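Asker: I am attaching a structure below and will ask some questions about it afterwards.
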Amino acid sequence: LIRVNCLRISTSFALQVLKLKGMFYPGDYYSSDEMISRLLVSINRTALQEYNEGNDQGAVDLFLDLAEFFYTADDWFQAFNDSLDYVECNYSNYMDLSEYVMIMNNYAFYLEQIDDPDKSLIVLRKVLDLDPSRMVAHLNIADVLWDLGETAEAGEHYTIYQEMMISRELIDQIPSRVYERTIN
């Protein structure tokens, strides 16, 4: 089941969204890219509600099978190679890169919460491919790497995160674990 806009619906509904794009004549009054973007935003909003209600697995489940919507054999978060690739696609007309990257980062966080660090790491690496300046992604990837025993690489990301926070004068908001795990 998928939960969209606070309603539980079957995955077959999601597949029907794809069929809708061909039903409007003459030719796509609503673009499939716009529909997919809106669906992704809705899934993210509902996933956050699930997470806030303590349902980490429910938050992750909402993101499953989105590859079909992005017309790719890969997972949905691998649809774009870098920020230029995203900006040049039609999705950018409906959702800016920062929002897309935020949704990806949220998904990676939920994956970490359900103890799937390997997939979380894949998503976070893609987040940083698209936006290397995403501060919280450096913290999240550092935490995942730390949990996987990759402490040297984790330390690099903790240092990047710490430097970004300091440059924004947010030093008092840096979690203590960053200082504890940062290799000087």
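Order determines the names: the first chain of the structure tokens is A, the second B, and so forth; residues in each chain are numbered 1 upward, and ligands are numbered 1 upward as they are shown.
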May I have a table of the residues of range 44-116 of chain A lying at most 7 Å from range 127-138 of chain A, giving each one's closest pair of atoms and their distance in Å to one decimal, counting only C-alpha atoms, ordered by chain and ascending residue number, as CSV?

Answerer:
```
residue,atom,partner,partner_atom,distance
A:Asp82,CA,A:Leu130,CA,4.5
A:Ser83,CA,A:Leu130,CA,4.6
A:Val101,CA,A:Val127,CA,5.8
A:Met104,CA,A:Val127,CA,6.5
A:Asn105,CA,A:Ala137,CA,6.4
```

Asker: Please determine, counting only C-alpha atoms, which residue among A:Gly155, A:Tyr86, A:Leu62, A:Thr46 has the shortest atom-to-atom distance to Ser98 in chain A.

Answerer: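 Of A:Gly155, A:Tyr86, A:Leu62, A:Thr46, the one nearest Ser98 in chain A, counting only C-alpha atoms, is A:Tyr86.
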
Asker: Excluding same-chain residues fewer than 5 positions from Glu156 in chain A, what lies within 12 Å of it counting only C-alpha atoms, as an MDAnalysis selection string?

Answerer: chainID A and resid 138:139 141:143 145:146 150:151 161:163 178 181:184

Asker: Out of A:Ile166, A:Leu66, A:Leu40, A:Val123, which residue has the shortest atom-to-atom distance to Glu99 in chain A when counting only C-alpha atoms?

Answerer: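 Smallest distance to Glu99 in chain A is found for A:Leu40.
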
Asker: My list of candidates is A:Asn44, A:Lys119, A:Ser37, A:Tyr107. Which is closest to Cys89 in chain A when distances are computed with only C-alpha atoms?

Answerer: A:Ser37

Asker: What lies within 12 Å of Asn90 in chain A using only C-alpha atoms, ignoring chain neighbours under 2 positions off, as a ChimeraX atom specification?

Answerer: /A:31-37,70,80,84-88,92-97

Asker: May I ask which of the residues A:Ile103, A:Tyr179, A:Ile43, A:Asp75 is the closest one to Ile160 in chain A, counting only C-alpha atoms?

Answerer: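 That would be A:Tyr179, the residue with the smallest distance to Ile160 in chain A.
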
Asker: What is the CA of Glu153 in chain A-CA of Leu121 in chain A distance in Å, reported with one decimal?

Answerer: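 Separating CA of Glu153 in chain A from CA of Leu121 in chain A is a distance of 12.0 Å.
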